[in-house]
$ cat work_12.cif   # mmCIF, C-alpha atoms and all ligand atoms
data_coords
#
loop_
_atom_site.label_atom_id
_atom_site.label_comp_id
_atom_site.auth_asym_id
_atom_site.auth_seq_id
_atom_site.Cartn_x
_atom_site.Cartn_y
_atom_site.Cartn_z
CA MET C 1 11.16 24.76 38.48
CA PRO C 2 10.64 24.65 34.69
CA GLU C 3 9.75 21.32 33.08
CA SER C 4 13.06 21.11 31.21
CA THR C 5 15.02 21.37 34.48
CA HIS C 6 13.00 18.51 35.98
CA LEU C 7 13.52 16.34 32.90
CA GLN C 8 17.22 17.15 32.91
CA ALA C 9 17.52 16.14 36.59
CA ILE C 10 15.80 12.81 35.86
CA ALA C 11 17.96 12.19 32.79
CA THR C 12 21.17 12.99 34.68
CA ALA C 13 20.26 10.52 37.44
CA ILE C 14 19.50 7.80 34.85
CA ILE C 15 22.74 8.46 32.97
CA ASP C 16 24.70 8.40 36.25
CA GLY C 17 22.88 5.21 37.30
CA GLU C 18 21.70 6.78 40.57
CA ALA C 19 18.43 5.02 41.40
CA GLU C 20 17.55 7.08 44.47
CA ASP C 21 18.22 10.38 42.71
CA ALA C 22 16.15 9.21 39.75
CA MET C 23 13.23 8.38 42.04
CA GLU C 24 13.50 11.69 43.91
CA ALA C 25 13.76 13.69 40.68
CA THR C 26 10.74 11.84 39.25
CA LYS C 27 8.72 12.54 42.42
CA ALA C 28 9.66 16.22 42.27
CA ALA C 29 8.67 16.46 38.60
CA LEU C 30 5.28 14.87 39.25
CA GLU C 31 4.68 17.20 42.20
CA ASP C 32 5.31 20.08 39.81
CA ASN C 33 2.75 18.60 37.39
CA VAL C 34 5.17 17.54 34.68
CA ASP C 35 3.28 15.29 32.24
CA PRO C 36 4.12 11.65 33.14
CA MET C 37 4.38 10.78 29.44
CA GLU C 38 7.04 13.49 29.00
CA ILE C 39 8.88 11.93 31.96
CA LEU C 40 8.77 8.52 30.25
CA ASN C 41 9.69 9.71 26.76
CA ARG C 42 12.12 12.54 27.42
CA GLY C 43 13.35 11.94 30.97
CA LEU C 44 13.74 8.15 30.89
CA MET C 45 13.87 6.87 27.31
CA ASP C 46 16.09 9.65 25.96
CA ALA C 47 18.49 9.12 28.87
CA ALA C 48 18.45 5.36 28.23
CA ASP C 49 19.39 6.08 24.61
CA GLU C 50 22.27 8.28 25.76
CA VAL C 51 23.53 5.48 28.02
CA GLY C 52 23.25 3.12 25.07
CA LYS C 53 25.38 5.46 22.95
CA ARG C 54 28.02 5.67 25.67
CA PHE C 55 28.02 1.87 25.85
CA GLU C 56 28.52 1.66 22.07
CA ARG C 57 31.44 4.12 22.32
CA SER C 58 32.96 1.96 25.12
CA GLU C 59 32.71 4.85 27.57
CA TYR C 60 30.26 2.75 29.60
CA PHE C 61 30.39 -0.99 30.29
CA LEU C 62 28.00 -3.62 31.61
CA PRO C 63 28.07 -2.38 35.25
CA GLU C 64 26.94 1.10 34.12
CA LEU C 65 24.19 -0.48 31.99
CA MET C 66 23.03 -2.42 35.05
CA LEU C 67 22.99 0.69 37.26
CA THR C 68 20.99 2.53 34.61
CA GLY C 69 18.57 -0.41 34.46
CA ARG C 70 18.10 -0.16 38.23
CA ALA C 71 17.58 3.61 38.06
CA LEU C 72 15.07 3.21 35.22
CA LYS C 73 13.12 0.63 37.23
CA GLY C 74 13.09 2.88 40.30
CA ALA C 75 11.85 5.91 38.37
CA MET C 76 9.30 3.75 36.57
CA GLU C 77 7.82 2.62 39.90
CA ILE C 78 7.17 6.29 40.75
CA VAL C 79 5.79 7.39 37.39
CA LYS C 80 3.81 4.22 36.61
CA PRO C 81 0.81 4.74 38.93
CA VAL C 82 0.38 8.30 37.63
CA LEU C 83 0.62 7.14 34.01
CA LEU C 84 -1.83 4.32 34.63
CA GLU C 85 -4.33 6.66 36.24
CA LYS C 86 -4.06 9.06 33.33
CA TYR C 87 -4.57 6.37 30.70
CA ALA C 88 -7.09 4.25 32.65
CA ASP C 89 -10.27 3.32 30.90
CA ASN C 90 -13.11 3.06 33.37
CA ASP C 91 -15.35 1.30 30.92
CA SER C 92 -15.43 -2.16 32.52
CA GLN C 93 -15.73 -4.04 29.22
CA VAL C 94 -12.59 -6.06 28.40
CA LYS C 95 -11.11 -4.75 25.15
CA GLY C 96 -9.45 -8.02 24.25
CA LYS C 97 -6.90 -10.53 25.45
CA VAL C 98 -3.21 -9.84 24.95
CA VAL C 99 -0.14 -12.03 25.30
CA SER C 100 3.03 -10.01 25.79
CA ALA C 101 6.62 -11.16 26.05
CA THR C 102 10.23 -10.23 25.51
CA VAL C 103 11.43 -12.70 22.91
CA HIS C 104 13.95 -15.52 23.32
CA THR C 105 17.55 -14.51 24.21
CA ASP C 106 16.52 -11.00 25.31
CA ILE C 107 16.08 -10.04 28.98
CA HIS C 108 15.22 -6.33 28.62
CA ASP C 109 11.85 -5.90 30.29
CA ILE C 110 11.43 -2.31 31.49
CA GLY C 111 9.69 -1.13 28.29
CA LYS C 112 7.66 -4.31 27.89
CA ASN C 113 6.45 -4.07 31.50
CA ILE C 114 5.15 -0.53 31.08
CA VAL C 115 3.45 -1.46 27.80
CA SER C 116 1.76 -4.42 29.54
CA SER C 117 0.68 -2.25 32.49
CA MET C 118 -0.72 0.49 30.29
CA LEU C 119 -2.61 -1.99 28.13
CA THR C 120 -4.09 -3.44 31.33
CA ALA C 121 -5.09 0.04 32.52
CA ALA C 122 -6.67 0.68 29.12
CA GLY C 123 -8.95 -2.35 29.57
CA PHE C 124 -7.04 -5.17 27.88
CA GLU C 125 -6.60 -8.49 29.68
CA VAL C 126 -2.85 -9.00 29.51
CA THR C 127 -0.90 -12.19 30.12
CA ASP C 128 2.70 -11.07 30.47
CA MET C 129 5.01 -14.06 29.94
CA GLY C 130 8.18 -12.27 31.04
CA VAL C 131 11.55 -12.32 29.29
CA ASP C 132 13.54 -14.71 27.11
CA VAL C 133 10.37 -16.48 26.00
CA PRO C 134 10.58 -19.02 23.14
CA ILE C 135 8.24 -18.21 20.25
CA LYS C 136 6.47 -21.55 20.44
CA SER C 137 5.49 -20.89 24.08
CA ILE C 138 4.12 -17.47 23.10
CA ILE C 139 1.94 -18.96 20.38
CA ASP C 140 0.79 -21.82 22.64
CA LYS C 141 -0.24 -19.31 25.31
CA ALA C 142 -2.06 -17.13 22.78
CA GLU C 143 -3.98 -20.18 21.53
CA GLU C 144 -4.73 -21.35 25.08
CA ILE C 145 -6.23 -18.10 26.31
CA GLU C 146 -7.73 -17.15 22.92
CA ALA C 147 -5.81 -13.91 22.72
CA ARG C 148 -6.46 -11.34 19.97
CA VAL C 149 -3.18 -9.48 20.29
CA ILE C 150 0.41 -10.68 20.59
CA CYS C 151 2.87 -8.01 21.79
CA LEU C 152 6.53 -8.79 21.25
CA SER C 153 9.36 -6.76 22.70
CA ALA C 154 13.05 -6.99 21.75
CA LEU C 155 15.91 -4.55 22.31
CA LEU C 156 18.74 -6.61 20.89
CA THR C 157 19.10 -6.68 17.11
CA THR C 158 20.14 -10.31 17.55
CA SER C 159 16.77 -11.09 19.20
CA MET C 160 14.61 -9.28 16.68
CA PRO C 161 14.63 -12.14 14.11
CA PHE C 162 12.59 -14.21 16.60
CA MET C 163 9.73 -11.79 15.93
CA LYS C 164 9.91 -12.73 12.27
CA ASP C 165 10.11 -16.43 13.16
CA LEU C 166 6.99 -16.15 15.29
CA ILE C 167 5.00 -14.61 12.43
CA GLN C 168 6.28 -17.30 10.06
CA LEU C 169 5.27 -20.00 12.54
CA LEU C 170 1.77 -18.49 12.81
CA ASP C 171 1.60 -18.60 9.01
CA ALA C 172 2.84 -22.17 8.87
CA ARG C 173 0.16 -23.20 11.37
CA GLY C 174 -2.50 -21.39 9.32
CA ILE C 175 -3.46 -19.14 12.25
CA ARG C 176 -1.79 -15.83 11.26
CA GLN C 177 -5.16 -14.14 10.62
CA LYS C 178 -6.37 -14.84 14.18
CA TYR C 179 -3.84 -12.44 15.69
CA ILE C 180 -2.81 -8.81 15.69
CA VAL C 181 0.96 -8.96 16.13
CA LEU C 182 2.55 -5.78 17.49
CA VAL C 183 6.30 -5.43 17.88
CA GLY C 184 8.41 -2.91 19.76
CA GLY C 185 11.58 -2.04 21.63
CA ALA C 186 14.35 0.53 21.19
CA SER C 187 15.80 -1.01 18.00
CA VAL C 188 12.50 -1.84 16.28
CA THR C 189 11.55 0.43 13.37
CA GLU C 190 8.45 0.84 11.19
CA SER C 191 10.32 -0.65 8.28
CA TRP C 192 11.34 -3.70 10.34
CA ALA C 193 7.72 -4.20 11.43
CA MET C 194 6.58 -4.02 7.79
CA HIS C 195 9.42 -6.23 6.59
CA ILE C 196 8.47 -9.09 8.95
CA GLY C 197 4.73 -8.73 8.28
CA ALA C 198 3.78 -7.47 11.76
CA ASP C 199 0.61 -5.44 12.21
CA GLY C 200 2.44 -2.45 13.62
CA THR C 201 4.91 -0.93 16.03
CA ALA C 202 4.98 2.06 18.38
CA ARG C 203 7.76 4.17 19.83
CA ASN C 204 6.34 4.32 23.34
CA ALA C 205 3.76 2.81 25.67
CA ALA C 206 1.02 5.40 25.05
CA ASP C 207 1.29 4.90 21.29
CA ALA C 208 1.31 1.14 21.83
CA VAL C 209 -2.05 1.42 23.59
CA LYS C 210 -3.44 3.66 20.83
CA LEU C 211 -2.26 1.20 18.21
CA ALA C 212 -3.74 -1.83 19.99
CA ARG C 213 -7.08 -0.04 20.36
CA ALA C 214 -7.10 1.05 16.74
CA LYS C 215 -6.23 -2.43 15.46
CA ILE C 216 -8.82 -4.15 17.61
CA GLY C 217 -11.43 -1.48 16.92
CA ALA C 218 -11.99 -0.63 20.61
C1 LIG C 301 19.01 -0.87 30.84
C2 LIG C 301 19.65 -1.66 29.72
C3 LIG C 301 20.08 -2.97 30.02
C4 LIG C 301 19.74 -3.68 31.33
C5 LIG C 301 18.26 -4.16 31.22
C6 LIG C 301 17.54 -4.26 32.53
C7 LIG C 301 16.09 -4.69 32.33
N1 LIG C 301 15.56 -5.34 33.34
O1 LIG C 301 15.45 -4.47 31.33
C8 LIG C 301 20.79 -4.84 31.34
C9 LIG C 301 22.01 -4.39 32.13
C10 LIG C 301 20.31 -6.17 31.90
C11 LIG C 301 21.17 -4.92 29.87
C12 LIG C 301 21.84 -6.00 29.32
C13 LIG C 301 22.31 -6.04 28.02
N2 LIG C 301 22.22 -5.05 27.10
CO1 LIG C 301 21.09 -3.47 27.32
N3 LIG C 301 20.40 -1.73 27.45
C14 LIG C 301 19.81 -1.11 28.42
C15 LIG C 301 19.39 0.31 27.95
C16 LIG C 301 20.46 1.31 28.44
C17 LIG C 301 18.02 0.80 28.37
C18 LIG C 301 16.85 -0.13 28.06
C19 LIG C 301 15.56 0.41 28.65
O2 LIG C 301 15.06 -0.10 29.64
N4 LIG C 301 15.04 1.52 28.09
C20 LIG C 301 13.87 2.24 28.65
C21 LIG C 301 12.55 1.65 28.17
C22 LIG C 301 11.36 2.37 28.81
O3 LIG C 301 12.49 1.84 26.78
P1 LIG C 301 12.19 0.65 25.73
O4 LIG C 301 12.63 -0.66 26.27
O5 LIG C 301 12.69 1.08 24.43
O6 LIG C 301 10.59 0.55 25.69
C23 LIG C 301 9.73 1.55 25.17
C24 LIG C 301 9.49 1.44 23.65
O7 LIG C 301 10.55 0.82 22.94
C25 LIG C 301 8.17 0.75 23.51
N5 LIG C 301 8.12 -0.73 23.52
C26 LIG C 301 8.88 -1.62 24.19
N6 LIG C 301 8.44 -2.87 23.99
C27 LIG C 301 7.38 -2.79 23.18
C28 LIG C 301 6.55 -3.79 22.65
C29 LIG C 301 5.51 -3.42 21.80
C30 LIG C 301 4.61 -4.48 21.23
C31 LIG C 301 5.31 -2.05 21.45
C32 LIG C 301 4.22 -1.67 20.50
C33 LIG C 301 6.13 -1.04 22.00
C34 LIG C 301 7.15 -1.42 22.86
O8 LIG C 301 7.45 1.23 24.63
C35 LIG C 301 8.35 1.28 25.77
C36 LIG C 301 7.87 2.29 26.77
O9 LIG C 301 7.66 3.58 26.24
C37 LIG C 301 19.45 0.12 26.39
C38 LIG C 301 19.63 1.39 25.56
C39 LIG C 301 18.33 1.87 24.95
N7 LIG C 301 18.43 2.74 24.02
O10 LIG C 301 17.24 1.50 25.27
C40 LIG C 301 20.58 -0.91 26.26
C41 LIG C 301 20.65 -1.83 25.03
C42 LIG C 301 19.27 -2.29 24.63
N8 LIG C 301 21.43 -2.97 25.53
C43 LIG C 301 22.29 -3.42 24.68
C44 LIG C 301 23.18 -4.51 24.91
C45 LIG C 301 24.24 -4.75 23.85
C46 LIG C 301 23.07 -5.32 26.06
C47 LIG C 301 23.91 -6.57 26.39
C48 LIG C 301 24.17 -7.52 25.20
C49 LIG C 301 25.22 -6.08 27.03
C50 LIG C 301 26.22 -7.17 27.33
N9 LIG C 301 27.40 -7.06 26.72
O11 LIG C 301 25.97 -8.09 28.06
C51 LIG C 301 23.03 -7.24 27.47
C52 LIG C 301 22.02 -8.21 26.86
C53 LIG C 301 21.28 -9.03 27.85
C54 LIG C 301 20.18 -9.83 27.15
N10 LIG C 301 20.44 -11.08 26.82
O12 LIG C 301 19.12 -9.30 26.88
C55 LIG C 301 22.24 -2.65 23.37
C56 LIG C 301 21.58 -3.43 22.24
C57 LIG C 301 22.26 -3.17 20.91
C58 LIG C 301 21.53 -3.81 19.78
N11 LIG C 301 21.02 -2.97 18.91
O13 LIG C 301 21.41 -5.00 19.71
C59 LIG C 301 21.50 -1.32 23.79
C60 LIG C 301 20.61 -0.69 22.69
C61 LIG C 301 22.60 -0.31 24.19
C62 LIG C 301 23.45 0.10 23.02
N12 LIG C 301 23.09 1.18 22.32
O14 LIG C 301 24.43 -0.52 22.72
N13 LIG C 301 20.80 -3.79 29.19
#
$ encode --input "work_12.cif" --output "structure tokens" --more "lines below"
Ligand code: B12
Amino acid sequence: MPESTHLQAIATAIIDGEAEDAMEATKAALEDNVDPMEILNRGLMDAADEVGKRFERSEYFLPELMLTGRALKGAMEIVKPVLLEKYADNDSQVKGKVVSATVHTDIHDIGKNIVSSMLTAAGFEVTDMGVDVPIKSIIDKAEEIEARVICLSALLTTSMPFMKDLIQLLDARGIRQKYIVLVGGASVTESWAMHIGADGTARNAADAVKLARAKIGA
């Protein structure tokens, strides 16, 4: 089966919110050697965007969003081990400590989880604080474990200002220079990252890893 047919089958299952179909289609694509990063970017994320558009047009409602979330999680469980193997760094030296979190008021975690897992596979020591995390707790954790990198995820435009608040709080405490602050999530843009004084953003988990490595010099 050509790659595009596999990606289409995965996307259709995500858009229809069919978790089992999404998992089966992902398995079939991997068996046919479709690149796991293509599955993430084109099969899963593009389909998630399409669901988002339907939600905005009021063709889909919260139940459909939830079913898509379940289907995304299912497919991610299948593709994740293959992605991690591909991006694993067997050099045993720890690249640096990372605190990652989805910011306060936001509970989207599928993208953040894969970023955390891929950073771990790439040799970073990641403390993933979960979702809806207040900025003060994120900073306290970063200080406690002596992290180098803070990774913030937000998918809601109403949550994104907490990223800015966190950077301002680091500044106010005089510790901004200690940290590389990376931001991401479907609604985050380069210009937003620059505007709030973050150290960078990335569109997907592989680019997030590249960015973290480049910033830390590993
Ligand atoms: C599934 C989903 C849900 C699920 C989430 C399940 C879960 N456990 O995460 C549920 C049903 C819970 C949900 C709820 C809501 N959702 Co929702 N949801 C989505 C949807 C369709 C997919 C999200 C997803 O998982 N994408 C797949 C992952 C892999 O992609 P990703 O998160 O973007 O992550 C990748 C990159 O962004 C990047 N990345 C991510 N984090 C980071 C961090 C760093 C540091 C870096 C460098 C990179 C990086 O790498 C990741 C992997 O490649 C999106 C649409 C979309 N376009 O994404 C809407 C969307 C995010 N949701 C939306 C809305 C409105 C809501 C609700 C408010 C709906 C409601 N009325 O209740 C609630 C909010 C709940 C809350 N308080 O957070 C809107 C947000 C609009 C906006 N701009 O603010 C969206 C964009 C849909 C839309 N277009 O309208 N949602």
$ residues_near_ligand --input "work_12.cif" --ligand "ligand LIG 301 (chain C)" --cutoff "6 Å" --atoms "all atoms listed in the file" --output "ChimeraX atom specification"
/C:45,48-49,51-53,55-56,62,65-66,68-69,105-112,114-115,151-153,155-158,182-187,201-205,208
$ atom_distance --input "work_12.cif" --atom1 "CA of Pro81 (chain C)" --atom2 "CA of Leu30 (chain C)"
11.1 Å
$ atom_distance --input "work_12.cif" --atom1 "CA of Ile138 (chain C)" --atom2 "CA of Ala154 (chain C)"
13.8 Å
$ atom_distance --input "work_12.cif" --atom1 "CA of Lys95 (chain C)" --atom2 "CA of Ala214 (chain C)"
11.0 Å
$ residues_near_point --input "work_12.cif" --point "(-9.7, -0.5, 31.2)" --cutoff "12 Å" --atoms "all atoms listed in the file" --output "PyMOL selection string"
chain C and resi 84-97+117-126+209+213+218
$ write_last_selection --input "work_12.cif" --atoms "C-alpha atoms" --output "mmCIF file, keeping the file's coordinate frame"
data_model
loop_
_atom_site.group_PDB
_atom_site.id
_atom_site.type_symbol
_atom_site.label_atom_id
_atom_site.label_comp_id
_atom_site.auth_asym_id
_atom_site.auth_seq_id
_atom_site.Cartn_x
_atom_site.Cartn_y
_atom_site.Cartn_z
ATOM 1 C CA LEU C 84 -1.830 4.320 34.630
ATOM 2 C CA GLU C 85 -4.330 6.660 36.240
ATOM 3 C CA LYS C 86 -4.060 9.060 33.330
ATOM 4 C CA TYR C 87 -4.570 6.370 30.700
ATOM 5 C CA ALA C 88 -7.090 4.250 32.650
ATOM 6 C CA ASP C 89 -10.270 3.320 30.900
ATOM 7 C CA ASN C 90 -13.110 3.060 33.370
ATOM 8 C CA ASP C 91 -15.350 1.300 30.920
ATOM 9 C CA SER C 92 -15.430 -2.160 32.520
ATOM 10 C CA GLN C 93 -15.730 -4.040 29.220
ATOM 11 C CA VAL C 94 -12.590 -6.060 28.400
ATOM 12 C CA LYS C 95 -11.110 -4.750 25.150
ATOM 13 C CA GLY C 96 -9.450 -8.020 24.250
ATOM 14 C CA LYS C 97 -6.900 -10.530 25.450
ATOM 15 C CA SER C 117 0.680 -2.250 32.490
ATOM 16 C CA MET C 118 -0.720 0.490 30.290
ATOM 17 C CA LEU C 119 -2.610 -1.990 28.130
ATOM 18 C CA THR C 120 -4.090 -3.440 31.330
ATOM 19 C CA ALA C 121 -5.090 0.040 32.520
ATOM 20 C CA ALA C 122 -6.670 0.680 29.120
ATOM 21 C CA GLY C 123 -8.950 -2.350 29.570
ATOM 22 C CA PHE C 124 -7.040 -5.170 27.880
ATOM 23 C CA GLU C 125 -6.600 -8.490 29.680
ATOM 24 C CA VAL C 126 -2.850 -9.000 29.510
ATOM 25 C CA VAL C 209 -2.050 1.420 23.590
ATOM 26 C CA ARG C 213 -7.080 -0.040 20.360
ATOM 27 C CA ALA C 218 -11.990 -0.630 20.610
#
$ closest_residue --input "work_12.cif" --among "C:Arg148, C:Arg173, C:Lys73, C:Arg54" --to "Lys136 (chain C)" --atoms "all atoms listed in the file"
C:Arg173
$ residues_around --input "work_12.cif" --residues "region 4-20 of chain C" --least-positions-apart "6" --cutoff "6 Å" --atoms "only C-alpha atoms" --output "MDAnalysis selection string"
chainID C and resid 29 43 47 51 67:68 71 74
$ write_last_selection --input "work_12.cif" --atoms "C-alpha atoms" --output "compact mmCIF listing (two decimals), keeping the file's coordinate frame"
# COMPACT_ATOMS: atom_id res chain seq x y z
CA ALA C 29 8.67 16.46 38.60
CA GLY C 43 13.35 11.94 30.97
CA ALA C 47 18.49 9.12 28.87
CA VAL C 51 23.53 5.48 28.02
CA LEU C 67 22.99 0.69 37.26
CA THR C 68 20.99 2.53 34.61
CA ALA C 71 17.58 3.61 38.06
CA GLY C 74 13.09 2.88 40.30
$ axis_aligned_box --input "work_12.cif" --around "region 171-177 of chain C" --padding-each-side "3 Å" --output "JSON"
{"center_x": -1.2, "center_y": -18.7, "center_z": 10.6, "size_x": 14.0, "size_y": 15.1, "size_z": 9.4}
$ closest_residue --input "work_12.cif" --among "C:Met129, C:Ile135, C:Ile175, C:Leu44" --to "Ala22 (chain C)" --atoms "all atoms listed in the file"
C:Leu44
$ closest_residue --input "work_12.cif" --among "C:Asn33, C:Thr127, C:Asn113, C:Ser191" --to "Glu146 (chain C)" --atoms "only C-alpha atoms"
C:Thr127
$ closest_residue --input "work_12.cif" --among "C:Asp128, C:Asp199, C:Glu50, C:Asp35" --to "Met163 (chain C)" --atoms "all atoms listed in the file"
C:Asp199
$ closest_residue --input "work_12.cif" --among "C:Met37, C:Ile167, C:Val103, C:Ala25" --to "Asp207 (chain C)" --atoms "all atoms listed in the file"
C:Met37
$ build_atoms --input "work_12.cif" --residues "region 11-32 of chain C" --atoms "N, CA and C atoms" --output "mmCIF file, in the frame of the given file"
data_model
loop_
_atom_site.group_PDB
_atom_site.id
_atom_site.type_symbol
_atom_site.label_atom_id
_atom_site.label_comp_id
_atom_site.auth_asym_id
_atom_site.auth_seq_id
_atom_site.Cartn_x
_atom_site.Cartn_y
_atom_site.Cartn_z
ATOM 1 N N ALA C 11 17.046 12.774 33.778
ATOM 2 C CA ALA C 11 17.960 12.190 32.790
ATOM 3 C C ALA C 11 19.373 12.037 33.372
ATOM 4 N N THR C 12 19.823 13.060 34.096
ATOM 5 C CA THR C 12 21.170 12.990 34.680
ATOM 6 C C THR C 12 21.278 11.812 35.645
ATOM 7 N N ALA C 13 20.232 11.628 36.467
ATOM 8 C CA ALA C 13 20.260 10.520 37.440
ATOM 9 C C ALA C 13 20.279 9.166 36.714
ATOM 10 N N ILE C 14 19.526 9.072 35.607
ATOM 11 C CA ILE C 14 19.500 7.800 34.850
ATOM 12 C C ILE C 14 20.875 7.563 34.224
ATOM 13 N N ILE C 15 21.437 8.604 33.636
ATOM 14 C CA ILE C 15 22.740 8.460 32.970
ATOM 15 C C ILE C 15 23.829 8.119 33.993
ATOM 16 N N ASP C 16 23.716 8.700 35.198
ATOM 17 C CA ASP C 16 24.700 8.400 36.250
ATOM 18 C C ASP C 16 24.402 7.083 36.965
ATOM 19 N N GLY C 17 23.244 6.480 36.657
ATOM 20 C CA GLY C 17 22.880 5.210 37.300
ATOM 21 C C GLY C 17 22.561 5.359 38.776
ATOM 22 N N GLU C 18 22.023 6.514 39.152
ATOM 23 C CA GLU C 18 21.700 6.780 40.570
ATOM 24 C C GLU C 18 20.206 6.564 40.802
ATOM 25 N N ALA C 19 19.855 5.364 41.277
ATOM 26 C CA ALA C 19 18.430 5.020 41.400
ATOM 27 C C ALA C 19 17.678 5.959 42.343
ATOM 28 N N GLU C 20 18.276 6.245 43.507
ATOM 29 C CA GLU C 20 17.550 7.080 44.470
ATOM 30 C C GLU C 20 17.337 8.484 43.937
ATOM 31 N N ASP C 21 18.368 9.037 43.299
ATOM 32 C CA ASP C 21 18.220 10.380 42.710
ATOM 33 C C ASP C 21 17.155 10.370 41.629
ATOM 34 N N ALA C 22 17.131 9.292 40.840
ATOM 35 C CA ALA C 22 16.150 9.210 39.750
ATOM 36 C C ALA C 22 14.731 9.182 40.327
ATOM 37 N N MET C 23 14.569 8.463 41.427
ATOM 38 C CA MET C 23 13.230 8.380 42.040
ATOM 39 C C MET C 23 12.838 9.739 42.637
ATOM 40 N N GLU C 24 13.783 10.374 43.314
ATOM 41 C CA GLU C 24 13.500 11.690 43.910
ATOM 42 C C GLU C 24 13.173 12.713 42.829
ATOM 43 N N ALA C 25 13.970 12.709 41.761
ATOM 44 C CA ALA C 25 13.760 13.690 40.680
ATOM 45 C C ALA C 25 12.406 13.439 40.000
ATOM 46 N N THR C 26 12.032 12.166 39.874
ATOM 47 C CA THR C 26 10.740 11.840 39.250
ATOM 48 C C THR C 26 9.594 12.310 40.152
ATOM 49 N N LYS C 27 9.732 12.072 41.454
ATOM 50 C CA LYS C 27 8.720 12.540 42.420
ATOM 51 C C LYS C 27 8.553 14.050 42.320
ATOM 52 N N ALA C 28 9.694 14.756 42.308
ATOM 53 C CA ALA C 28 9.660 16.220 42.270
ATOM 54 C C ALA C 28 8.988 16.710 40.986
ATOM 55 N N ALA C 29 9.268 16.055 39.879
ATOM 56 C CA ALA C 29 8.670 16.460 38.600
ATOM 57 C C ALA C 29 7.157 16.271 38.635
ATOM 58 N N LEU C 30 6.721 15.137 39.190
ATOM 59 C CA LEU C 30 5.280 14.870 39.250
ATOM 60 C C LEU C 30 4.582 15.871 40.169
ATOM 61 N N GLU C 31 5.260 16.209 41.287
ATOM 62 C CA GLU C 31 4.680 17.200 42.200
ATOM 63 C C GLU C 31 4.522 18.541 41.518
ATOM 64 N N ASP C 32 5.384 18.826 40.574
ATOM 65 C CA ASP C 32 5.310 20.080 39.810
ATOM 66 C C ASP C 32 4.459 19.935 38.546
#
